[in-house]
Amino acid sequence: LKLGILASGSGSNFEAIAKSIENGQLNAQLQVLIYNNPQAKVVERAAKWNVPAVLYNHRDFNSREELDTQIIHSLQQYSVDWVIMAGWMRIVTPVLIDAFPDKIINIHPSLLPSFRGAKAVEQALAAGVKITGCTVHVVCEEVDTGKILLQAAVPVLANDTVETLHDRIQVQEHRILPQAIALASANLV
Ligand code: GRF
């Protein structure tokens, strides 16, 4: 299983995938990291795990489609067969989706279909829900929809801030993202 990771941030999910591979829970290889933000800490994790990293700064592209076209180019160059969006904060277009049909997976910090979009943890807190969580799903054109692969529930505590709640959600993300990759690639979910 040859994985390509798309990430924009700290890369704790990248790290969780790398560890799952190392300890044998996920039978896969990390072929390449693609990131869009020159400051993203995920690039340091890639270096630590000896995974090649390719920067495509979205500001250098005229359209989402042009960015996606370059991403496909790198994914193919590194022989990727499954694409994992591990905190990829760009909207992807049919250009990318059609190049890897049903083989692009995203992790989202809410129990979808509740709280789609980039502010899911804030929205869950503002809504006053008592349970939220995270969802791993197949990527389709409409953001944060697509077949749900795995979910985990996380209680919202009385004194939670966005940060404390997000930290607790991430513990579950790190558990279910590698698991969902294994199950989806084996056609078991
Ligand atoms: C995760 O919470 C993910 O659900 C969201 O972005 C965050 C990425 O975190 N889409 P990290 O960069 O993997 O630490």
# chains A, B, ... in the order shown; residues from 1 in each chain; ligands from 1
>>> closest_atom_pairs(of="chain A", to="ligand 1", cutoff="9 Å", atoms="only C-alpha atoms and all ligand atoms", output="Markdown table")
| residue | atom | partner | partner_atom_place_in_ligand_line | distance |
| --- | --- | --- | --- | --- |
| A:Ala7 | CA | ligand 1 | 12 (O) | 6.5 |
| A:Ser8 | CA | ligand 1 | 12 (O) | 6.4 |
| A:Gly9 | CA | ligand 1 | 12 (O) | 4.0 |
| A:Ser10 | CA | ligand 1 | 12 (O) | 3.8 |
| A:Gly11 | CA | ligand 1 | 12 (O) | 3.6 |
| A:Ser12 | CA | ligand 1 | 14 (O) | 3.6 |
| A:Asn13 | CA | ligand 1 | 13 (O) | 3.6 |
| A:Phe14 | CA | ligand 1 | 13 (O) | 5.9 |
| A:Glu15 | CA | ligand 1 | 13 (O) | 7.7 |
| A:Ala16 | CA | ligand 1 | 13 (O) | 8.3 |
| A:Ala40 | CA | ligand 1 | 12 (O) | 8.3 |
| A:Lys41 | CA | ligand 1 | 12 (O) | 8.0 |
| A:Val42 | CA | ligand 1 | 12 (O) | 6.8 |
| A:Met85 | CA | ligand 1 | 10 (N) | 7.8 |
| A:Ala86 | CA | ligand 1 | 13 (O) | 5.4 |
| A:Gly87 | CA | ligand 1 | 6 (O) | 3.6 |
| A:Trp88 | CA | ligand 1 | 10 (N) | 6.2 |
| A:Met89 | CA | ligand 1 | 10 (N) | 6.7 |
| A:Asn106 | CA | ligand 1 | 10 (N) | 7.4 |
| A:Ile107 | CA | ligand 1 | 4 (O) | 4.8 |
| A:His108 | CA | ligand 1 | 4 (O) | 3.8 |
| A:Pro109 | CA | ligand 1 | 4 (O) | 4.1 |
| A:Ser110 | CA | ligand 1 | 4 (O) | 7.8 |
| A:Gly117 | CA | ligand 1 | 10 (N) | 8.8 |
| A:Ala118 | CA | ligand 1 | 10 (N) | 7.3 |
| A:Ala120 | CA | ligand 1 | 5 (C) | 8.8 |
| A:Val121 | CA | ligand 1 | 2 (O) | 8.6 |
| A:Cys134 | CA | ligand 1 | 4 (O) | 6.8 |
| A:Thr135 | CA | ligand 1 | 4 (O) | 7.9 |
| A:Val136 | CA | ligand 1 | 4 (O) | 8.7 |
| A:His166 | CA | ligand 1 | 2 (O) | 6.7 |
| A:Asp167 | CA | ligand 1 | 2 (O) | 8.2 |
| A:Ile169 | CA | ligand 1 | 2 (O) | 7.2 |
| A:Gln170 | CA | ligand 1 | 2 (O) | 5.7 |
| A:Glu173 | CA | ligand 1 | 4 (O) | 6.8 |
| A:His174 | CA | ligand 1 | 13 (O) | 8.2 |
>>> residues_around(residues="Lys130 of chain A", least_positions_apart="4", cutoff="10 Å", atoms="only C-alpha atoms", output="short mmCIF file (atom, residue, chain, number, x, y, z; two decimals) with C-alpha atoms, in the first residue's frame")
data_model
loop_
_atom_site.label_atom_id
_atom_site.label_comp_id
_atom_site.auth_asym_id
_atom_site.auth_seq_id
_atom_site.Cartn_x
_atom_site.Cartn_y
_atom_site.Cartn_z
CA ALA A 124 -19.39 22.04 18.13
CA LEU A 125 -18.51 24.06 21.24
CA VAL A 154 -15.46 12.36 22.22
CA PRO A 155 -17.32 13.92 25.17
CA VAL A 156 -17.42 17.72 25.46
CA LEU A 157 -16.47 18.64 29.05
CA ALA A 158 -17.81 21.57 31.02
#
>>> atom_distance(atom1="atom CA of Asp60 of chain A", atom2="atom CA of Thr145 of chain A")
27.8 Å
>>> atom_distance(atom1="atom CA of Arg64 of chain A", atom2="atom CA of Pro38 of chain A")
17.6 Å
>>> closest_residue(among="A:Lys19, A:Arg116, A:Arg168, A:Arg175", to="Val143 of chain A", atoms="only C-alpha atoms")
A:Arg116
>>> atom_distance(atom1="atom CA of Leu150 of chain A", atom2="atom CA of Ala180 of chain A")
6.2 Å
>>> residues_around(residues="Gly4 of chain A", least_positions_apart="5", cutoff="9 Å", atoms="only C-alpha atoms", output="list in words")
Gln29, Leu30, Gln31, Val32, Leu33, Ile34, Leu75, Tyr78, Ser79, Val80, Asp81, Trp82, Val83, Ile84 and Met85 of chain A
>>> select_by_dssp(residues="segment 32-89 of chain A", states="strand (DSSP E or B)", output="MDAnalysis selection string")
chainID A and resid 32:35 53:55 82:85
>>> residues_around(residues="Asp68 of chain A", least_positions_apart="2", cutoff="7 Å", atoms="only C-alpha atoms", output="PyMOL selection string")
chain A and resi 64-66+70-72+92+95-96
>>> write_last_selection(atoms="C-alpha atoms", output="PDB file, in the first residue's frame")
ATOM      1  CA  ARG A  64      -7.269  25.103  -7.346  1.00  0.00           C
ATOM      2  CA  GLU A  65      -7.187  22.979 -10.503  1.00  0.00           C
ATOM      3  CA  GLU A  66      -3.623  24.026 -11.307  1.00  0.00           C
ATOM      4  CA  GLN A  70       0.819  19.519  -9.817  1.00  0.00           C
ATOM      5  CA  ILE A  71      -0.163  17.381  -6.840  1.00  0.00           C
ATOM      6  CA  ILE A  72      -1.220  14.550  -9.177  1.00  0.00           C
ATOM      7  CA  VAL A  92      -9.686  19.770  -3.678  1.00  0.00           C
ATOM      8  CA  VAL A  95      -9.172  17.096 -11.133  1.00  0.00           C
ATOM      9  CA  LEU A  96      -7.593  15.378  -8.129  1.00  0.00           C
TER      10      LEU A  96
END
>>> closest_residue(among="A:Gly128, A:Ala99, A:Gln172, A:Ile91", to="Asp144 of chain A", atoms="only C-alpha atoms")
A:Ile91
>>> residues_around(residues="Pro101 of chain A", least_positions_apart="4", cutoff="10 Å", atoms="only C-alpha atoms", output="MDAnalysis selection string")
chainID A and resid 82 94 96:97 138:140
